[in-house]
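input39.txt (compact mmCIF, C-alpha atoms and all ligand atoms) appears below.
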```txt
# COMPACT_ATOMS: atom_id res chain seq x y z
CA MET A 1 88.77 121.64 92.62
CA LYS A 2 90.13 120.80 96.04
CA SER A 3 93.89 120.89 96.36
CA GLY A 4 93.99 117.12 96.88
CA GLU A 5 92.29 116.52 93.53
CA LEU A 6 94.45 119.07 91.79
CA LEU A 7 97.47 117.19 93.02
CA LEU A 8 96.18 113.95 91.49
CA ALA A 9 96.06 115.46 88.03
CA GLU A 10 99.56 116.85 88.32
CA ALA A 11 101.59 114.19 90.06
CA LEU A 12 102.16 111.44 87.51
CA TYR A 13 104.47 109.47 89.83
CA LEU A 14 101.46 108.65 92.04
CA GLU A 15 99.86 106.63 89.23
CA ASP A 16 103.00 105.23 87.62
CA SER A 17 106.27 105.24 89.54
CA TYR A 18 108.07 103.69 86.54
CA LEU A 19 107.45 106.67 84.27
CA LYS A 20 110.84 108.09 83.29
CA GLU A 21 109.95 110.86 80.83
CA CYS A 22 106.99 113.14 80.13
CA ASP A 23 106.02 116.32 78.31
CA ALA A 24 104.69 119.18 80.38
CA GLY A 25 103.91 122.88 80.23
CA VAL A 26 105.34 125.56 82.52
CA ALA A 27 102.48 126.95 84.63
CA SER A 28 104.46 129.53 86.62
CA VAL A 29 107.99 130.59 87.51
CA LYS A 30 109.03 132.26 90.76
CA ASP A 31 112.33 134.11 91.26
CA ARG A 32 113.37 132.88 87.79
CA LYS A 33 114.26 129.39 88.96
CA TYR A 34 111.35 127.85 90.86
CA VAL A 35 109.17 126.22 88.23
CA VAL A 36 105.63 124.83 88.58
CA LEU A 37 104.50 122.54 85.76
CA ASP A 38 100.97 121.51 84.69
CA ARG A 39 102.03 117.89 85.28
CA THR A 40 105.18 116.33 86.65
CA LEU A 41 106.96 113.05 87.25
CA PHE A 42 109.41 114.55 89.76
CA TYR A 43 108.75 113.44 93.33
CA PRO A 44 108.87 116.32 95.83
CA GLN A 45 110.72 115.83 99.12
CA GLY A 46 108.33 114.43 101.71
CA GLY A 47 107.26 111.47 103.83
CA GLY A 48 110.90 110.56 104.48
CA GLN A 49 111.64 110.18 100.74
CA PRO A 50 114.10 112.60 99.11
CA TRP A 51 113.27 114.60 95.98
CA ASP A 52 113.93 113.46 92.44
CA THR A 53 116.51 115.06 90.20
CA GLY A 54 116.67 115.14 86.41
CA ARG A 55 116.35 117.50 83.46
CA MET A 56 113.84 119.72 81.70
CA ILE A 57 114.57 120.02 78.01
CA THR A 58 113.33 122.87 75.83
CA GLU A 59 114.22 123.85 72.29
CA GLY A 60 117.83 124.92 72.47
CA ASP A 61 118.27 124.63 76.24
CA GLN A 62 118.43 122.18 79.06
CA HIS A 63 117.76 122.81 82.75
CA LYS A 64 118.91 120.57 85.54
CA VAL A 65 116.31 119.92 88.23
CA VAL A 66 118.27 120.25 91.47
CA TYR A 67 115.51 120.23 94.09
CA VAL A 68 111.78 119.48 94.17
CA GLY A 69 109.50 120.45 97.04
CA LYS A 70 105.82 120.88 97.76
CA PHE A 71 104.73 124.35 98.79
CA SER A 72 101.07 125.35 99.42
CA GLY A 73 99.91 122.24 97.55
CA GLU A 74 102.05 122.96 94.49
CA ILE A 75 105.07 121.00 93.34
CA SER A 76 107.94 123.41 92.76
CA HIS A 77 111.05 122.44 90.77
CA GLU A 78 114.26 124.35 91.39
CA VAL A 79 116.30 124.52 88.18
CA ASP A 80 120.01 125.32 87.85
CA HIS A 81 119.66 128.46 85.75
CA PRO A 82 116.96 130.98 84.67
CA GLY A 83 115.28 131.02 81.26
CA LEU A 84 112.03 129.10 81.61
CA GLU A 85 108.85 131.14 81.15
CA PRO A 86 105.15 130.39 81.76
CA GLY A 87 103.70 128.70 78.68
CA ASP A 88 106.97 127.00 77.69
CA LYS A 89 106.78 123.34 76.71
CA VAL A 90 109.35 121.13 78.40
CA HIS A 91 110.36 117.50 78.10
CA CYS A 92 111.06 116.10 81.57
CA MET A 93 113.59 113.34 82.13
CA LEU A 94 114.07 111.70 85.49
CA ASN A 95 117.43 110.71 86.94
CA TRP A 96 116.15 107.15 86.94
CA ASP A 97 119.10 105.48 88.69
CA ARG A 98 118.58 107.66 91.75
CA ARG A 99 114.79 107.28 91.71
CA TYR A 100 114.91 103.52 91.29
CA ARG A 101 117.27 103.12 94.26
CA LEU A 102 114.88 105.25 96.30
CA MET A 103 111.95 103.08 95.19
CA ARG A 104 113.86 100.01 96.33
CA SER A 105 114.94 101.49 99.67
CA HIS A 106 111.45 102.91 100.29
CA THR A 107 109.85 99.50 99.71
CA ALA A 108 112.49 97.83 101.89
CA ALA A 109 111.64 100.35 104.62
CA HIS A 110 107.96 99.32 104.57
CA VAL A 111 108.84 95.67 104.98
CA TYR A 112 111.37 96.27 107.74
CA ALA A 113 109.09 98.60 109.74
CA SER A 114 106.22 96.23 109.38
CA LEU A 115 108.28 93.29 110.72
CA VAL A 116 109.59 95.30 113.67
CA CYS A 117 106.17 96.72 114.53
CA GLN A 118 104.44 93.34 114.28
CA GLY A 119 107.13 91.49 116.21
CA THR A 120 107.47 94.02 119.04
CA ASP A 121 105.18 96.76 120.29
CA ALA A 122 107.31 99.42 118.61
CA LEU A 123 105.91 102.44 116.81
CA VAL A 124 107.70 104.28 114.03
CA THR A 125 108.50 107.82 115.13
CA GLY A 126 110.71 108.86 112.24
CA ASN A 127 112.47 107.68 109.15
CA LYS A 128 114.83 108.94 106.49
CA LEU A 129 115.30 107.18 103.20
CA GLY A 130 118.49 107.62 101.26
CA GLU A 131 119.69 106.23 97.98
CA GLU A 132 121.73 103.74 99.96
CA LYS A 133 121.11 104.17 103.65
CA VAL A 134 117.80 104.02 105.52
CA ARG A 135 117.34 105.32 109.04
CA PHE A 136 114.47 104.45 111.36
CA ASP A 137 113.45 105.71 114.75
CA PHE A 138 111.31 103.34 116.75
CA SER A 139 109.61 104.05 120.00
CA LEU A 140 110.33 100.88 121.97
CA GLU A 141 111.16 100.24 125.60
CA GLU A 142 113.61 97.37 125.22
CA PHE A 143 116.90 97.75 123.39
CA ASP A 144 118.34 94.65 121.81
CA ARG A 145 120.63 95.08 118.80
CA GLN A 146 120.30 91.44 117.90
CA ILE A 147 116.55 91.76 117.37
CA PHE A 148 116.96 94.67 114.93
CA LYS A 149 119.53 92.64 113.05
CA GLU A 150 117.30 89.58 112.89
CA TYR A 151 114.48 91.56 111.32
CA VAL A 152 116.88 92.57 108.54
CA GLU A 153 117.55 88.89 107.84
CA GLU A 154 113.83 88.17 107.92
CA ALA A 155 113.21 91.02 105.48
CA ASN A 156 115.89 89.63 103.16
CA GLN A 157 114.02 86.33 103.03
CA LEU A 158 110.92 88.20 101.86
CA PHE A 159 112.92 90.09 99.20
CA MET A 160 113.63 86.78 97.53
CA LYS A 161 109.94 86.03 97.12
CA ASP A 162 107.57 86.97 94.36
CA ILE A 163 105.35 89.31 96.40
CA PRO A 164 103.45 92.07 94.59
CA VAL A 165 103.27 95.66 95.81
CA LYS A 166 99.95 97.24 94.86
CA CYS A 167 98.92 100.83 94.80
CA TYR A 168 95.31 102.09 94.78
CA TRP A 169 93.01 104.79 96.11
CA LEU A 170 90.33 104.39 98.76
CA PRO A 171 87.75 106.81 100.11
CA ARG A 172 89.25 108.38 103.22
CA GLU A 173 86.79 106.83 105.68
CA GLU A 174 87.27 103.34 104.27
CA ALA A 175 91.05 103.69 104.29
CA LEU A 176 91.14 104.78 107.91
CA GLN A 177 89.42 101.53 108.95
CA ILE A 178 92.50 99.51 107.95
CA PRO A 179 94.49 98.65 111.11
CA GLY A 180 97.90 100.32 111.15
CA VAL A 181 97.27 102.17 107.88
CA ILE A 182 98.74 105.37 109.30
CA LYS A 183 102.22 104.67 110.59
CA MET A 184 103.16 108.26 111.33
CA ASP A 185 101.18 111.45 112.00
CA GLU A 186 102.76 113.47 109.22
CA ALA A 187 101.78 110.84 106.66
CA LEU A 188 98.17 112.00 106.67
CA PRO A 189 97.36 115.07 104.61
CA PRO A 190 94.31 116.72 106.20
CA ASP A 191 92.23 117.72 103.17
CA ILE A 192 92.38 114.75 100.82
CA PRO A 193 89.07 112.93 100.18
CA ARG A 194 90.75 109.76 98.91
CA LEU A 195 93.87 108.19 100.35
CA ARG A 196 96.48 106.37 98.35
CA ILE A 197 97.14 102.93 99.76
CA VAL A 198 100.36 101.02 99.21
CA GLU A 199 99.83 97.33 99.89
CA ILE A 200 102.61 94.78 100.08
CA VAL A 201 100.43 91.74 99.69
CA GLY A 202 100.15 89.79 102.94
CA ILE A 203 102.65 92.04 104.74
CA ASP A 204 101.68 95.68 105.02
CA LYS A 205 99.11 98.32 104.06
CA GLN A 206 99.86 102.00 104.41
CA ALA A 207 98.46 105.36 103.40
CA ASP A 208 101.40 106.68 101.44
CA GLY A 209 102.31 109.15 98.71
CA GLY A 210 105.76 107.82 97.90
CA THR A 211 107.20 105.71 95.09
CA HIS A 212 107.76 101.97 95.43
CA VAL A 213 108.79 99.00 93.30
CA LYS A 214 106.01 96.70 92.11
CA ASN A 215 107.42 93.43 93.43
CA LEU A 216 109.56 92.64 96.49
CA LYS A 217 112.01 90.79 94.23
CA GLU A 218 113.09 94.17 92.83
CA VAL A 219 114.32 95.37 96.24
CA GLY A 220 117.39 93.14 96.23
CA GLN A 221 119.02 92.65 99.63
CA ILE A 222 119.67 94.92 102.60
CA LYS A 223 122.43 94.92 105.19
CA PHE A 224 122.11 95.82 108.87
CA LEU A 225 124.47 98.68 109.78
CA LYS A 226 123.80 99.65 113.38
CA ALA A 227 121.26 100.20 116.13
CA ILE A 228 121.71 103.05 118.57
CA ASN A 229 120.16 103.67 121.93
CA LYS A 230 118.91 107.27 121.70
CA GLY A 231 117.59 107.45 125.25
CA LYS A 232 114.26 106.58 126.77
CA ASP A 233 112.20 104.53 124.33
CA ASN A 234 114.01 105.84 121.24
CA ARG A 235 115.82 103.22 119.16
CA ARG A 236 117.55 104.29 115.97
CA VAL A 237 118.34 101.69 113.33
CA TYR A 238 120.34 102.00 110.10
CA PHE A 239 120.44 99.58 107.22
CA LYS A 240 121.68 99.90 103.68
CA LEU A 241 120.60 98.73 100.30
CA LEU A 242 123.09 96.39 98.65
CA PRO A 243 123.87 97.22 95.00
ZN ZN A 301 105.91 104.13 101.13
```
Starting from the file, lay out its structure as structure tokens.
Ligand SMILES: [Zn+2]
Amino acid sequence: MKSGELLLAEALYLEDSYLKECDAGVASVKDRKYVVLDRTLFYPQGGGQPWDTGRMITEGDQHKVVYVGKFSGEISHEVDHPGLEPGDKVHCMLNWDRRYRLMRSHTAAHVYASLVCQGTDALVTGNKLGEEKVRFDFSLEEFDRQIFKEYVEEANQLFMKDIPVKCYWLPREEALQIPGVIKMDEALPPDIPRLRIVEIVGIDKQADGGTHVKNLKEVGQIKFLKAINKGKDNRRVYFKLLP
């Protein structure tokens, strides 16, 4: 199996981002606290989206999941204390409040970037999603705070509409034909035969491995915080998710 396909079988959040609990088996443990499971619902840090936290429950013990990362194609969970062994059965529980806020802010980020990129000739050069705050770097010659603020208001209009967010897989070649499907270089894993597409119907299509809400109505509203001139062509924008 290619690593891309292996990942599909393991990463349950790619198929269902609303899954909050699952059973799994411990495949390996490194340095007593870095745990690889045979399947997981914990999102590993990547693509601008922070890692999930939560718990792994075994008979008689409970481990907190404090960090999740992807290393050499494997999803590694750092737990708060040793004790887990290969072959152990664990019940995984996501810190859902944190994940759900990240799903909302991640989806908001798609809409905002898509409005800015369509309305100007900006390109996204970086982004960082937080539970509350979202940061974007745009490559854009002009600097006009008002414009960045107006796109927030425009996005808020869309978050009041019933607009579905779909998620599906396409063969790599077919996916790459979609205009603007790759927003940033790092978003494209080199060895994956199928790409996961996140489509906000009528607004945006992206190759993307993150977690999103299934309808724009779930995002809620966002608030413009600031726009900073970071030098030649680099415009940094912050907005936050309202509770
Ligand atoms: Zn995304």
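In this structure, CA of Lys70 in chain A sits 12.0 Å away from CA of Thr40 in chain A.
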Gly83 in chain A environment, 9 Å, all atoms listed in the file, sequence neighbours closer than 4 positions dropped, as a list of chain:residue names: A:Arg32, A:Lys33, A:Asp61, A:His63
Under the rule of at most 12 Å, produce a per-residue listing of chain A near ligand ZN 301 (chain A): chain, number, name, the closest pair of atoms, and the distance in Å, as a tab-separated table, using only C-alpha atoms and all ligand atoms.
```
residue	atom	partner	partner_atom	distance
A:Leu14	CA	A:ZN301	ZN	11.1
A:Ser17	CA	A:ZN301	ZN	11.6
A:Gly46	CA	A:ZN301	ZN	10.6
A:Gly47	CA	A:ZN301	ZN	7.9
A:Gly48	CA	A:ZN301	ZN	8.8
A:Gln49	CA	A:ZN301	ZN	8.3
A:Pro50	CA	A:ZN301	ZN	12.0
A:Leu102	CA	A:ZN301	ZN	10.2
A:Met103	CA	A:ZN301	ZN	8.5
A:Arg104	CA	A:ZN301	ZN	10.2
A:Ser105	CA	A:ZN301	ZN	9.5
A:His106	CA	A:ZN301	ZN	5.7
A:Thr107	CA	A:ZN301	ZN	6.2
A:Ala108	CA	A:ZN301	ZN	9.1
A:Ala109	CA	A:ZN301	ZN	7.7
A:His110	CA	A:ZN301	ZN	6.3
A:Val111	CA	A:ZN301	ZN	9.7
A:Tyr112	CA	A:ZN301	ZN	11.6
A:Ala113	CA	A:ZN301	ZN	10.7
A:Ser114	CA	A:ZN301	ZN	11.4
A:Asn127	CA	A:ZN301	ZN	11.0
A:Lys128	CA	A:ZN301	ZN	11.5
A:Leu129	CA	A:ZN301	ZN	10.1
A:Val165	CA	A:ZN301	ZN	10.3
A:Lys166	CA	A:ZN301	ZN	11.1
A:Cys167	CA	A:ZN301	ZN	10.0
A:Val181	CA	A:ZN301	ZN	11.1
A:Ile182	CA	A:ZN301	ZN	10.9
A:Lys183	CA	A:ZN301	ZN	10.2
A:Met184	CA	A:ZN301	ZN	11.3
A:Ala187	CA	A:ZN301	ZN	9.6
A:Arg196	CA	A:ZN301	ZN	10.1
A:Ile197	CA	A:ZN301	ZN	9.0
A:Val198	CA	A:ZN301	ZN	6.6
A:Glu199	CA	A:ZN301	ZN	9.2
A:Ile200	CA	A:ZN301	ZN	10.0
A:Asp204	CA	A:ZN301	ZN	10.2
A:Lys205	CA	A:ZN301	ZN	9.4
A:Gln206	CA	A:ZN301	ZN	7.2
A:Ala207	CA	A:ZN301	ZN	7.9
A:Asp208	CA	A:ZN301	ZN	5.2
A:Gly209	CA	A:ZN301	ZN	6.6
A:Gly210	CA	A:ZN301	ZN	4.9
A:Thr211	CA	A:ZN301	ZN	6.4
A:His212	CA	A:ZN301	ZN	6.4
A:Val213	CA	A:ZN301	ZN	9.8
A:Lys214	CA	A:ZN301	ZN	11.7
```
Write out as an mmCIF file with C-alpha atoms, in the coordinates of the input each polymer residue whose atoms come within 10 Å of Asp31 in chain A, counting all atoms listed in the file; drop sequence neighbours fewer than 2 positions from it.
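What ended up in out-v4.cif:
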```
data_model
loop_
_atom_site.group_PDB
_atom_site.id
_atom_site.type_symbol
_atom_site.label_atom_id
_atom_site.label_comp_id
_atom_site.auth_asym_id
_atom_site.auth_seq_id
_atom_site.Cartn_x
_atom_site.Cartn_y
_atom_site.Cartn_z
ATOM 1 C CA VAL A 29 107.990 130.590 87.510
ATOM 2 C CA LYS A 33 114.260 129.390 88.960
ATOM 3 C CA TYR A 34 111.350 127.850 90.860
ATOM 4 C CA VAL A 35 109.170 126.220 88.230
ATOM 5 C CA GLU A 78 114.260 124.350 91.390
ATOM 6 C CA PRO A 82 116.960 130.980 84.670
#
```
Straight-line distance linking CA of Glu132 in chain A with CA of Asn215 in chain A, stated in Å to one decimal: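 Those two atoms sit 18.8 Å apart.
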Coordinates-based distance that separates CA of Arg172 in chain A from CA of Ser139 in chain A (Å, one decimal): 26.7 Å
Option closest in space to Val134 in chain A, from A:Leu216, A:Val36, A:Ala27, A:Leu225 [counting only C-alpha atoms]: A:Leu225
For Leu115 in chain A, the nearest of the candidates A:Thr53, A:Ser72, A:Gln221, A:Gln157, counting all atoms listed in the file: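 That would be A:Gln157, the residue with the smallest distance to Leu115 in chain A.
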For Asp80 in chain A: contacts at 7 Å, only C-alpha atoms, fewer than 5 positions along chain excluded, given as a PDB file with C-alpha atoms, keeping the file's coordinate frame:
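The result, written out as out_15.pdb:
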```pdb
ATOM      1  CA  HIS A  63     117.760 122.810  82.750  1.00  0.00           C
ATOM      2  CA  LYS A  64     118.910 120.570  85.540  1.00  0.00           C
ATOM      3  CA  VAL A  65     116.310 119.920  88.230  1.00  0.00           C
ATOM      4  CA  VAL A  66     118.270 120.250  91.470  1.00  0.00           C
TER       5      VAL A  66
END
```
Exercise: Asn234 in chain A partners within 9 Å, only C-alpha atoms, chain neighbours under 6 positions left out, as number ranges by chain: A: 125, 137-141, 143, 228
